[in-house]
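> Got a file for you: coords-v1.cif, mmCIF, C-alpha atoms.
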```
data_model
#
loop_
_atom_site.label_atom_id
_atom_site.label_comp_id
_atom_site.auth_asym_id
_atom_site.auth_seq_id
_atom_site.Cartn_x
_atom_site.Cartn_y
_atom_site.Cartn_z
CA MET A 203 92.36 45.61 12.31
CA ARG A 204 94.13 47.55 9.63
CA LYS A 205 92.15 49.29 6.91
CA VAL A 206 92.85 48.33 3.33
CA VAL A 207 95.81 50.21 1.93
CA SER A 208 94.80 53.13 -0.30
CA VAL A 209 97.33 54.03 -2.99
CA ALA A 210 97.76 57.72 -3.62
CA LEU A 211 96.75 59.03 -7.03
CA LEU A 212 95.30 55.70 -8.17
CA VAL A 213 91.83 56.23 -9.62
CA LEU A 214 90.80 52.59 -9.56
CA SER A 215 88.60 51.73 -6.58
CA VAL A 216 88.41 48.35 -4.89
CA ALA A 217 85.06 46.68 -4.45
CA ILE A 218 83.84 46.13 -0.91
CA LEU A 219 84.12 42.35 -1.23
CA SER A 220 87.68 42.62 -2.53
CA ALA A 221 88.62 45.06 0.23
CA GLN A 222 87.35 42.67 2.86
CA THR A 223 89.21 39.82 1.24
CA LEU A 224 92.41 41.85 1.19
CA GLN A 225 91.85 42.67 4.86
CA ASP A 226 91.44 38.97 5.56
CA ALA A 227 94.73 38.28 3.80
CA GLN A 228 96.50 41.01 5.76
CA ARG A 229 95.07 39.60 8.97
CA GLU A 230 96.35 36.13 8.12
CA ILE A 231 99.81 37.55 7.38
CA ASP A 232 99.78 39.40 10.72
CA ASN A 233 98.72 36.16 12.44
CA GLU A 234 101.48 34.19 10.68
CA GLY A 235 98.87 32.23 8.76
CA TYR A 236 100.83 32.37 5.53
CA PHE A 237 99.21 29.32 3.93
CA LYS A 238 95.72 30.79 4.26
CA ALA A 239 96.94 34.23 3.21
CA LYS A 240 98.27 32.78 -0.05
CA GLN A 241 94.94 31.10 -0.73
CA ILE A 242 93.03 34.35 -0.19
CA LEU A 243 95.40 36.47 -2.26
CA HIS A 244 95.59 34.07 -5.19
CA LYS A 245 91.80 33.93 -5.27
CA LEU A 246 91.69 37.72 -5.16
CA TRP A 247 94.23 37.88 -8.00
CA SER A 248 91.57 36.50 -10.35
CA ASP A 249 88.98 39.05 -9.18
CA PRO A 250 88.69 41.77 -11.88
CA ALA A 251 87.56 44.30 -9.26
CA ALA A 252 90.70 43.88 -7.15
CA ASN A 253 93.63 46.27 -7.22
CA LYS A 254 96.34 44.05 -8.67
CA TYR A 255 99.13 46.28 -7.39
CA ASP A 256 97.98 45.89 -3.78
CA VAL A 257 97.39 42.17 -4.17
CA ALA A 258 100.82 41.68 -5.73
CA TYR A 259 102.45 43.62 -2.90
CA TYR A 260 100.92 41.45 -0.20
CA LEU A 261 101.66 38.28 -2.16
CA GLY A 262 105.28 39.43 -2.15
CA ASN A 263 105.09 39.86 1.62
CA VAL A 264 103.56 36.47 2.28
CA TYR A 265 106.05 34.64 0.07
CA LEU A 266 108.97 36.49 1.60
CA LYS A 267 107.82 35.66 5.13
CA SER A 268 107.32 32.01 4.22
CA GLU A 269 110.93 31.83 3.01
CA ASP A 270 110.34 31.95 -0.74
CA ALA A 271 112.30 35.04 -1.75
CA ASP A 272 112.29 34.17 -5.46
CA SER A 273 108.49 34.23 -5.66
CA ALA A 274 108.41 37.36 -3.50
CA LYS A 275 110.63 39.19 -6.01
CA ILE A 276 108.25 38.35 -8.85
CA PHE A 277 105.25 39.82 -7.03
CA TYR A 278 107.11 42.89 -5.81
CA GLN A 279 108.03 43.58 -9.44
CA MET A 280 104.34 43.32 -10.35
CA ALA A 281 103.42 45.67 -7.49
CA TYR A 282 105.72 48.44 -8.77
CA ASN A 283 104.82 50.45 -11.84
CA PRO A 284 107.25 53.32 -12.54
CA ASP A 285 104.50 55.14 -14.44
CA VAL A 286 102.20 55.20 -11.41
CA ARG A 287 103.00 57.22 -8.29
CA SER A 288 102.00 54.62 -5.75
CA ALA A 289 103.24 54.74 -2.16
CA LEU A 290 102.88 51.00 -1.76
CA GLY A 291 104.52 50.44 -5.15
CA TYR A 292 107.56 52.38 -3.99
CA VAL A 293 107.67 50.23 -0.85
CA ALA A 294 107.59 47.15 -3.06
CA ASN A 295 110.50 48.48 -5.09
CA GLY A 296 112.32 49.28 -1.87
CA ARG A 297 111.84 45.72 -0.68
CA LEU A 298 113.33 44.52 -3.97
CA SER A 299 116.34 46.74 -3.33
CA LEU A 300 116.75 45.23 0.14
CA LEU A 301 116.68 41.73 -1.37
CA LYS A 302 119.51 42.87 -3.64
CA LYS A 303 121.33 44.29 -0.58
CA ASP A 304 121.04 47.76 -2.12
CA MET A 305 120.45 49.81 1.03
CA ALA A 306 120.75 53.18 -0.72
CA GLY A 307 118.23 52.17 -3.38
CA ALA A 308 115.85 50.91 -0.69
CA LYS A 309 115.99 54.17 1.25
CA GLN A 310 115.43 56.18 -1.91
CA ASN A 311 112.27 54.19 -2.69
CA PHE A 312 111.02 54.35 0.89
CA ASP A 313 111.53 58.14 0.91
CA ARG A 314 109.48 58.37 -2.29
CA ALA A 315 106.74 56.27 -0.68
CA LEU A 316 106.60 58.66 2.27
CA GLN A 317 106.58 61.70 0.01
CA THR A 318 103.77 60.21 -2.07
CA SER A 319 101.71 59.61 1.06
CA LYS A 320 102.63 63.11 2.33
CA MET A 321 104.12 61.44 5.43
CA LYS A 322 100.62 61.07 6.87
CA ASN A 323 99.93 57.39 6.22
CA ALA A 324 100.68 55.17 9.22
CA ILE A 325 100.42 52.04 7.09
CA ILE A 326 103.27 53.16 4.82
CA TYR A 327 105.51 53.81 7.83
CA TYR A 328 104.54 50.38 9.15
CA GLU A 329 105.35 48.62 5.86
CA ILE A 330 108.75 50.35 5.68
CA GLY A 331 109.50 49.29 9.26
CA ASP A 332 108.35 45.78 8.43
CA ALA A 333 110.65 45.68 5.39
CA TYR A 334 113.66 46.48 7.58
CA PHE A 335 112.57 44.02 10.26
CA ARG A 336 111.02 40.86 8.79
CA PRO A 337 111.58 38.10 7.92
CA THR A 338 115.17 38.97 8.85
CA VAL A 339 116.43 42.03 10.69
CA ILE A 340 118.18 44.29 8.18
CA ASP A 341 118.24 47.59 10.05
CA LEU A 342 116.72 47.42 13.54
CA ALA A 343 117.08 51.14 14.24
CA ALA A 344 115.25 52.01 11.00
CA ALA A 345 112.55 49.46 11.79
CA ILE A 346 111.94 50.87 15.28
CA SER A 347 111.95 54.45 13.98
CA ASN A 348 109.32 53.72 11.32
CA PHE A 349 107.14 51.68 13.67
CA GLU A 350 107.25 54.54 16.19
CA LEU A 351 106.33 57.09 13.51
CA ALA A 352 103.42 54.85 12.49
CA TYR A 353 102.37 54.67 16.15
CA ASN A 354 102.48 58.46 16.46
CA LEU A 355 100.05 58.72 13.55
CA ASP A 356 97.76 55.92 14.73
CA ASN A 357 98.16 54.74 18.32
CA LYS A 358 95.21 52.33 18.04
CA ASN A 359 96.63 50.20 15.22
CA THR A 360 97.26 46.91 17.00
CA THR A 361 99.23 45.41 14.11
CA ASN A 362 101.80 48.17 14.41
CA MET A 363 101.77 48.03 18.22
CA LEU A 364 102.65 44.35 18.18
CA ALA A 365 105.35 44.87 15.56
CA LEU A 366 106.84 47.70 17.62
CA GLY A 367 106.86 45.39 20.65
CA ASP A 368 108.68 42.75 18.62
CA ALA A 369 111.24 45.30 17.45
CA TYR A 370 111.84 46.52 21.01
CA LEU A 371 112.36 42.93 22.10
CA GLU A 372 114.91 42.42 19.35
CA ASN A 373 116.89 45.35 20.78
CA THR A 374 117.70 43.77 24.16
CA ALA A 375 121.46 43.94 23.47
CA ASN A 376 121.29 47.74 23.37
CA ASP A 377 118.37 48.41 25.70
CA ALA A 378 118.14 46.80 29.14
CA GLY A 379 114.47 47.75 29.33
CA ALA A 380 113.56 46.28 25.95
CA GLY A 381 111.57 43.41 27.45
CA GLY A 382 109.44 45.78 29.50
CA LYS A 383 108.82 48.04 26.51
CA ALA A 384 107.77 45.04 24.44
CA MET A 385 105.37 43.80 27.12
CA ASN A 386 103.85 47.28 27.43
CA LYS A 387 103.05 47.30 23.71
CA TYR A 388 101.65 43.76 23.76
CA GLU A 389 99.43 44.51 26.75
CA ALA A 390 98.33 47.83 25.23
CA ALA A 391 97.30 46.01 22.05
CA ALA A 392 95.36 43.51 24.16
CA ASP A 393 93.59 46.41 25.91
CA VAL A 394 92.69 48.09 22.62
CA ASN A 395 91.21 44.86 21.27
CA LYS A 396 90.08 42.36 23.90
CA GLN A 397 89.50 39.80 21.15
CA LEU A 398 93.03 40.03 19.75
CA ALA A 399 94.37 36.52 20.19
CA LEU A 400 97.73 37.45 18.68
CA ALA A 401 98.42 39.88 21.55
CA GLN A 402 98.04 37.02 24.03
CA ILE A 403 100.36 34.90 21.91
CA LYS A 404 103.00 37.65 21.97
CA ILE A 405 102.65 37.94 25.76
CA GLY A 406 103.00 34.17 26.03
CA ARG A 407 106.11 34.13 23.85
CA LEU A 408 107.72 36.79 26.01
CA SER A 409 106.90 34.68 29.09
CA VAL A 410 108.57 31.68 27.42
CA ARG A 411 111.61 33.82 26.75
CA GLY A 412 111.71 34.68 30.46
CA ARG A 413 111.25 30.97 31.31
CA MET A 414 107.91 31.71 32.97
CA TYR A 415 106.31 28.72 31.33
CA ASP A 416 103.16 28.50 33.45
CA GLN A 417 102.34 32.13 32.63
CA ALA A 418 103.06 31.41 28.97
CA VAL A 419 100.65 28.49 28.90
CA GLU A 420 98.03 30.68 30.59
CA SER A 421 98.43 33.36 27.90
CA PHE A 422 98.27 30.82 25.09
CA ASN A 423 95.10 29.36 26.57
CA LYS A 424 93.63 32.89 26.72
CA ALA A 425 94.38 33.20 23.01
CA LEU A 426 92.69 29.85 22.46
CA SER A 427 89.60 30.99 24.37
CA ILE A 428 89.39 33.97 21.97
CA ASP A 429 89.85 31.93 18.81
CA GLN A 430 89.90 28.13 18.89
CA ASN A 431 90.75 28.01 15.19
CA PHE A 432 93.88 30.15 15.45
CA PRO A 433 96.55 27.70 14.22
CA VAL A 434 99.63 29.37 15.74
CA VAL A 435 98.25 29.01 19.28
CA TYR A 436 98.48 25.24 19.07
CA LYS A 437 102.07 25.39 17.87
CA GLU A 438 103.03 27.72 20.70
CA LEU A 439 101.29 25.50 23.25
CA ALA A 440 103.08 22.45 21.88
CA GLU A 441 106.45 24.12 22.24
CA ALA A 442 105.64 25.39 25.75
CA TYR A 443 104.57 21.91 26.85
CA TYR A 444 107.77 20.50 25.38
CA LEU A 445 109.86 22.95 27.43
CA THR A 446 107.96 21.97 30.58
CA LYS A 447 108.44 18.26 29.76
CA GLN A 448 104.69 17.66 29.44
CA TYR A 449 105.39 15.47 26.44
CA ASP A 450 101.95 13.89 26.36
CA LYS A 451 100.51 17.30 25.42
CA VAL A 452 103.05 18.15 22.73
CA LYS A 453 101.97 15.98 19.80
CA PRO A 454 98.19 16.59 20.16
CA ASN A 455 98.74 20.34 19.86
CA PHE A 456 101.07 19.98 16.89
CA GLU A 457 98.53 17.67 15.25
CA LYS A 458 95.81 20.30 15.73
CA TYR A 459 98.10 22.97 14.30
CA ILE A 460 98.88 20.86 11.22
CA ALA A 461 95.18 20.15 10.70
CA LEU A 462 94.53 23.90 10.62
CA SER A 463 97.68 24.77 8.62
CA PRO A 464 98.28 21.85 6.26
CA GLY A 465 100.68 23.88 4.15
CA ASP A 466 103.14 24.64 6.95
CA ASN A 467 105.82 22.13 6.14
CA GLN A 468 108.19 23.52 8.75
CA ALA A 469 105.72 22.62 11.49
CA ARG A 470 105.04 19.27 9.83
CA THR A 471 108.75 18.45 10.00
CA THR A 472 108.60 19.12 13.74
CA LEU A 473 105.62 16.81 14.15
CA ALA A 474 107.23 14.11 12.03
CA SER A 475 110.42 14.45 14.08
CA LEU A 476 108.42 14.10 17.30
CA TYR A 477 106.84 10.91 15.98
CA PHE A 478 110.30 9.59 15.12
CA GLN A 479 111.71 10.49 18.54
CA SER A 480 108.81 8.73 20.26
CA LYS A 481 109.39 5.66 18.02
CA GLU A 482 106.06 6.06 16.22
CA TYR A 483 107.81 5.33 12.95
CA ASP A 484 104.75 4.63 10.81
CA LYS A 485 103.25 7.99 11.80
CA ALA A 486 106.58 9.68 11.11
CA ILE A 487 106.55 8.21 7.61
CA GLU A 488 102.90 9.17 7.08
CA GLU A 489 103.45 12.83 8.03
CA SER A 490 106.67 13.06 6.04
CA THR A 491 105.00 11.58 2.97
CA LYS A 492 102.24 14.22 3.22
CA GLY A 493 104.95 16.85 3.48
CA LEU A 494 106.68 15.58 0.35
CA ASP A 495 103.40 15.85 -1.54
CA ASN A 496 103.55 19.63 -0.92
CA ASP A 497 107.33 19.94 -1.17
CA PRO A 498 108.93 17.06 -3.12
CA GLY A 499 112.46 18.36 -2.54
CA ASN A 500 112.25 18.60 1.26
CA TYR A 501 115.32 16.73 2.50
CA ILE A 502 114.13 16.68 6.13
CA PHE A 503 111.13 14.53 5.20
CA GLN A 504 113.42 12.28 3.13
CA ARG A 505 115.70 11.89 6.15
CA ILE A 506 112.85 10.98 8.49
CA ILE A 507 111.37 8.45 6.04
CA ALA A 508 114.75 6.77 5.50
CA PHE A 509 115.52 6.58 9.22
CA SER A 510 112.02 5.37 10.12
CA ASN A 511 112.09 2.61 7.51
CA TYR A 512 115.44 1.47 8.89
CA GLU A 513 114.00 1.27 12.41
CA LEU A 514 111.07 -0.74 11.03
CA LYS A 515 113.60 -3.07 9.35
CA ARG A 516 112.38 -2.07 5.90
CA TYR A 517 115.91 -1.81 4.65
CA LYS A 518 115.16 -1.77 0.92
CA GLU A 519 112.73 1.15 1.30
CA ALA A 520 115.19 2.92 3.58
CA ALA A 521 117.95 2.57 0.98
CA GLU A 522 115.76 3.97 -1.81
CA VAL A 523 114.85 7.10 0.13
CA SER A 524 118.41 7.44 1.44
CA LYS A 525 119.63 7.65 -2.17
CA GLN A 526 117.10 10.41 -2.85
CA PHE A 527 118.31 12.23 0.25
CA TRP A 528 121.97 12.11 -0.81
CA ALA A 529 121.07 13.22 -4.35
CA ASN A 530 119.25 16.27 -2.92
CA THR A 531 121.51 19.25 -3.61
CA GLY A 532 119.69 21.42 -1.07
CA LYS A 533 120.31 19.19 1.95
CA LYS A 534 122.06 20.33 5.12
CA LEU A 535 123.94 17.41 6.62
CA LYS A 536 124.08 16.24 10.22
CA ASP A 537 126.37 13.64 11.77
CA ILE A 538 123.36 11.34 12.19
CA ASP A 539 122.96 11.21 8.39
CA TYR A 540 126.27 9.40 8.01
CA ILE A 541 125.45 7.06 10.89
CA TYR A 542 122.08 5.97 9.57
CA SER A 543 123.36 5.79 5.99
CA ALA A 544 126.13 3.48 7.20
CA ARG A 545 123.61 1.26 8.96
CA ILE A 546 121.27 1.18 5.95
CA ALA A 547 124.08 0.37 3.54
CA ALA A 548 125.32 -2.38 5.85
CA GLN A 549 121.88 -3.99 6.02
CA THR A 550 121.46 -3.91 2.24
CA GLY A 551 124.90 -5.42 1.62
CA ASP A 552 126.50 -2.30 0.14
CA THR A 553 129.80 -2.73 1.96
CA ALA A 554 131.68 -0.03 0.04
CA ALA A 555 129.06 2.62 0.84
CA ALA A 556 128.76 1.43 4.44
CA ARG A 557 132.52 1.80 4.96
CA GLN A 558 132.46 5.25 3.40
CA TYR A 559 129.68 6.41 5.70
CA PHE A 560 131.19 4.76 8.81
CA ASP A 561 134.55 6.40 8.12
CA LYS A 562 132.95 9.83 7.71
CA ALA A 563 130.79 9.39 10.80
CA LEU A 564 133.80 8.41 12.90
CA GLU A 565 135.81 11.25 11.44
CA ASN A 566 133.15 13.60 12.80
CA ASP A 567 132.81 11.73 16.12
CA PRO A 568 135.89 9.53 16.71
CA GLY A 569 134.87 8.69 20.27
CA ASN A 570 131.44 7.26 19.42
CA CYS A 571 131.72 3.89 21.14
CA ASP A 572 128.44 2.48 19.80
CA LEU A 573 129.45 3.37 16.26
CA LEU A 574 132.91 1.82 16.64
CA GLY A 575 131.25 -1.44 17.68
CA GLU A 576 128.73 -1.32 14.83
CA TYR A 577 131.55 -0.81 12.36
CA GLY A 578 133.39 -3.83 13.70
CA LYS A 579 130.30 -6.03 13.31
CA MET A 580 129.66 -4.71 9.77
CA LEU A 581 133.22 -5.58 8.76
CA PHE A 582 132.79 -9.07 10.20
CA GLN A 583 129.54 -9.59 8.28
CA ALA A 584 131.30 -8.37 5.15
CA LYS A 585 133.99 -11.04 5.79
CA LYS A 586 136.67 -8.42 6.37
CA TYR A 587 137.88 -10.36 9.40
CA ASN A 588 141.27 -8.76 10.02
CA GLU A 589 139.76 -5.31 9.65
CA SER A 590 136.95 -6.28 11.99
CA VAL A 591 139.50 -7.34 14.60
CA ALA A 592 141.35 -4.05 14.17
CA GLN A 593 138.12 -2.09 14.55
CA TYR A 594 137.16 -3.90 17.75
CA MET A 595 140.66 -3.30 19.12
CA THR A 596 140.28 0.40 18.31
CA LYS A 597 137.04 0.49 20.25
CA LYS A 598 138.62 -1.32 23.20
CA GLU A 599 141.48 1.17 23.25
CA LYS A 600 139.20 4.24 23.02
CA CYS A 601 136.30 3.04 25.12
CA GLY A 602 137.99 0.86 27.71
CA LYS A 603 136.14 -2.38 27.01
CA LEU A 604 133.86 -4.22 24.62
CA GLY A 605 130.30 -5.33 25.21
CA SER A 606 129.64 -9.05 25.58
CA VAL A 607 128.17 -9.38 22.08
CA GLU A 608 131.16 -7.50 20.69
CA VAL A 609 133.52 -9.91 22.46
CA TYR A 610 131.62 -12.76 20.81
CA TYR A 611 131.96 -11.25 17.33
CA LEU A 612 135.61 -10.47 17.97
CA GLY A 613 136.17 -14.13 18.79
CA ARG A 614 134.43 -15.17 15.59
CA ALA A 615 136.51 -12.65 13.62
CA TYR A 616 139.70 -14.11 15.07
CA LEU A 617 138.51 -17.63 14.26
CA SER A 618 137.53 -16.74 10.70
CA ALA A 619 140.89 -15.01 10.22
CA GLY A 620 142.69 -18.22 11.27
CA ASP A 621 143.92 -16.90 14.65
CA SER A 622 142.78 -19.79 16.86
CA LEU A 623 144.86 -18.73 19.87
CA ASN A 624 143.22 -15.30 20.18
CA ALA A 625 139.87 -16.81 19.28
CA ASP A 626 140.13 -19.24 22.23
CA SER A 627 141.07 -16.54 24.72
CA THR A 628 138.34 -14.23 23.45
CA PHE A 629 135.66 -16.94 23.66
CA ALA A 630 136.92 -17.77 27.16
CA GLU A 631 136.34 -14.13 28.13
CA PHE A 632 132.85 -14.30 26.64
CA ILE A 633 132.05 -17.49 28.61
CA ALA A 634 133.38 -15.90 31.81
CA ARG A 635 131.05 -12.95 31.31
CA ASN A 636 128.11 -15.18 30.36
CA PRO A 637 128.51 -18.44 32.30
CA THR A 638 124.96 -19.62 31.55
#
```
Could I get this file's structure written as structure tokens?

Amino acid sequence: MRKVVSVALLVLSVAILSAQTLQDAQREIDNEGYFKAKQILHKLWSDPAANKYDVAYYLGNVYLKSEDADSAKIFYQMAYNPDVRSALGYVANGRLSLLKKDMAGAKQNFDRALQTSKMKNAIIYYEIGDAYFRPTVIDLAAAISNFELAYNLDNKNTTNMLALGDAYLENTANDAGAGGKAMNKYEAAADVNKQLALAQIKIGRLSVRGRMYDQAVESFNKALSIDQNFPVVYKELAEAYYLTKQYDKVKPNFEKYIALSPGDNQARTTLASLYFQSKEYDKAIEESTKGLDNDPGNYIFQRIIAFSNYELKRYKEAAEVSKQFWANTGKKLKDIDYIYSARIAAQTGDTAAARQYFDKALENDPGNCDLLGEYGKMLFQAKKYNESVAQYMTKKEKCGKLGSVEVYYLGRAYLSAGDSLNADSTFAEFIARNPT
């Protein structure tokens, strides 16, 4: 694995224990184990022997790659000291420029980093390539160029080899042979280090991309044989089994992944969603509640809890969480949110809110026959009989016919509205459909 980054012209040395700890953190970042990397780096931050500039830089990386750009900016600022000529510090300042969309400023800082390292440090080239490439692709050509320059300086650095493979794979639109180039780098990394589980994961991911799912599962299992405690392997296996419709193997692998990476809320949302889809509503609520403990503002967990409580007929609890969901300013709405909110409001007697949500849901999906029928029943239960009749007629016009239960409620709506003639004919239709 990569050696600890040495910063040019810094006289402070890093203790052996701290160096190993920093290596462990780098390894976790490489392996996408961001939760563990944060734990290691924050512990190292309190170590007086540690190089705070290096630690701050990698904390910036791990927060950026776990989608917390605001925290990343803070640590990148700590990693850069204008009074110290530090190659890694210049990279940190360059990353800050990229976050500000200042491409010229970023290049200027990266050039200074290379000059400071005398253009002989493969790690600095790698970090510059990584800055252009992850977590989002900013300049793919620059990323590939820097990864290749790093490879020319150190062709045994497996971290860079895998990153170069990833960058090649990202370039498929411009390079018909990109997939082959990527696989060559992944396999070369696996040859350099037979115990490199991440190389097998990359090979498996490429197989998934090529829809060679059996080969993918084989590669993921190879990774698992190398390291049974590598969290990402279980997530990849779960997704591969899902694609091959081996649903009984999906949840156990996600559960194992969550047990090893309790701070990965994105994966926890997937597991909670799987529980919801398989109608294991109590488990969906349990996982989502754990997720909210780590991230109280996570609207996806709020959504799952509200929906699950509705399915369990816990309408009051569903309504409470639904209100929290709608008050969440960071939410991204789906059509299903309006549908379930309409159902929840209807069950808790909030007719005004139910109508609002039904109207919006049908505006988004006017041909939803099930929803048209639900709306008609809600209006009947709210004693809006004429509107209920109109809603059922709308469904009949759009969907061709009503279900038997809908015919029954239509008859009751007619009767309650004082239209005995239509009530009689509607009940006659119901009896004809259900003679017993």
> Exactly which residues make up the result of the PyMOL selection byres ((chain A and resi 441) around 12) on this file, given as a PyMOL selection string?
chain A and resi 406-407+410-411+415+418-419+422+434-440+442-456+459+469+472-473+476
> Provide the atom CA of A:Glu488 to atom CA of A:Glu522 distance in Å, to one decimal place.
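Computing it gives 16.5 Å between the two atoms.
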> Smallest atom-to-atom distance to A:Arg229: which of A:Gln583, A:Thr361, A:Ser347, A:Asn354, using all atoms listed in the file?
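Residue with the minimum atom-to-atom distance to A:Arg229: A:Thr361.
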> Quick check on the file I pasted: which residues fall under the PyMOL selection byres ((chain A and resi 629) around 9)? Write them as a PyMOL selection string.
chain A and resi 609-610+612-614+624-628+630-634
> Decode the PyMOL selection byres ((chain A and resi 360) around 10) for the given file into explicit residues and return them as JSON, numbers by chain.
{"A": [203, 204, 353, 356, 357, 358, 359, 361, 362, 363, 364, 365, 366, 387, 388, 390, 391, 392, 393, 394, 395, 398, 400, 401]}
> Neighbouring residues of stretch 490-494 of chain A were defined as those with any atom within 8 Å, considering only C-alpha atoms; residues of the same chain fewer than 6 positions away were excluded. Please report them as a short mmCIF file (atom, residue, chain, number, x, y, z; two decimals) with C-alpha atoms, keeping the file's coordinate frame.

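Saved result, out_14.cif, follows:
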```
data_model
loop_
_atom_site.label_atom_id
_atom_site.label_comp_id
_atom_site.auth_asym_id
_atom_site.auth_seq_id
_atom_site.Cartn_x
_atom_site.Cartn_y
_atom_site.Cartn_z
CA ASN A 467 105.82 22.13 6.14
CA ARG A 470 105.04 19.27 9.83
CA THR A 471 108.75 18.45 10.00
CA ALA A 474 107.23 14.11 12.03
CA ASN A 500 112.25 18.60 1.26
CA PHE A 503 111.13 14.53 5.20
CA GLN A 504 113.42 12.28 3.13
CA ILE A 506 112.85 10.98 8.49
CA ILE A 507 111.37 8.45 6.04
#
```
> Check the smallest atom-to-atom distance from each of A:Leu581, A:Gly381, A:Leu371, A:Arg505 to A:Ala554 using only C-alpha atoms, then report the winner.
A:Leu581
> Kindly give the distance, in Å, that separates atom CA of A:Asp285 and atom CA of A:Gly331, rounded to a single decimal.
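That distance, rounded to one decimal, is 24.9 Å.
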> Quick check, in Å to one decimal: how far apart do atom CA of A:Gln225 and atom CA of A:Ala252 lie?
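Going from atom CA of A:Gln225 over to atom CA of A:Ala252 covers 12.1 Å.
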> Taking into account all atoms listed in the file, which residue in the set A:Lys597, A:Lys481, A:Lys383, A:Lys320 is nearest to A:Ser510?
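Result for the nearest residue to A:Ser510: A:Lys481.
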> As a ChimeraX atom specification, please: the residues near A:Ala584 (cut-off 10 Å, only C-alpha atoms, same-chain neighbours under 3 positions excluded).
/A:548,551-554,578-581,587,590
> Could you check which of A:Arg287, A:Lys525, A:Lys598, A:Lys302 is closest to A:Lys275, using all atoms listed in the file?
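With all atoms listed in the file as the atom set, the closest residue is A:Lys302.
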> List as a list in words the protein and nucleic acid residues near A:Ala227, meaning an atom at most 7 Å away when all atoms listed in the file are counted, but skip any in the same chain fewer than 4 places from it.
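Here the qualifying residues turn out to be Thr223, Ile231, Ala239, Ile242 and Leu243 of chain A.
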> For stretch 577-581 of chain A, what centre and edge lengths in Å (one decimal) does the axis-aligned box get once 5 Å is added on each side of all its listed atoms, as AutoDock Vina command-line options?

```
--center_x 131.5 --center_y -3.4 --center_z 11.2 --size_x 13.7 --size_y 15.2 --size_z 14.9
```
> What would stretch 444-456 of chain A look like with N, CA and C atoms restored, written as a short mmCIF file (atom, residue, chain, number, x, y, z; two decimals), keeping the file's coordinate frame?

```cif
data_model
loop_
_atom_site.label_atom_id
_atom_site.label_comp_id
_atom_site.auth_asym_id
_atom_site.auth_seq_id
_atom_site.Cartn_x
_atom_site.Cartn_y
_atom_site.Cartn_z
N TYR A 444 106.50 21.22 25.57
CA TYR A 444 107.77 20.50 25.38
C TYR A 444 108.82 21.03 26.36
N LEU A 445 108.87 22.34 26.52
CA LEU A 445 109.86 22.95 27.43
C LEU A 445 109.58 22.60 28.88
N THR A 446 108.31 22.35 29.21
CA THR A 446 107.96 21.97 30.58
C THR A 446 107.89 20.45 30.75
N LYS A 447 108.34 19.73 29.74
CA LYS A 447 108.44 18.26 29.76
C LYS A 447 107.08 17.58 29.91
N GLN A 448 106.03 18.28 29.48
CA GLN A 448 104.69 17.66 29.44
C GLN A 448 104.50 17.04 28.05
N TYR A 449 105.29 16.01 27.80
CA TYR A 449 105.39 15.47 26.44
C TYR A 449 104.09 14.91 25.90
N ASP A 450 103.22 14.46 26.81
CA ASP A 450 101.95 13.89 26.36
C ASP A 450 101.05 14.94 25.73
N LYS A 451 101.33 16.23 25.98
CA LYS A 451 100.51 17.30 25.42
C LYS A 451 101.14 17.94 24.18
N VAL A 452 102.35 17.51 23.85
CA VAL A 452 103.05 18.15 22.73
C VAL A 452 102.45 17.75 21.38
N LYS A 453 102.43 16.45 21.12
CA LYS A 453 101.97 15.98 19.80
C LYS A 453 100.52 16.35 19.51
N PRO A 454 99.58 16.22 20.48
CA PRO A 454 98.19 16.59 20.16
C PRO A 454 98.05 18.03 19.69
N ASN A 455 98.83 18.94 20.28
CA ASN A 455 98.74 20.34 19.86
C ASN A 455 99.38 20.57 18.51
N PHE A 456 100.48 19.88 18.22
CA PHE A 456 101.07 19.98 16.89
C PHE A 456 100.13 19.39 15.84
#
```
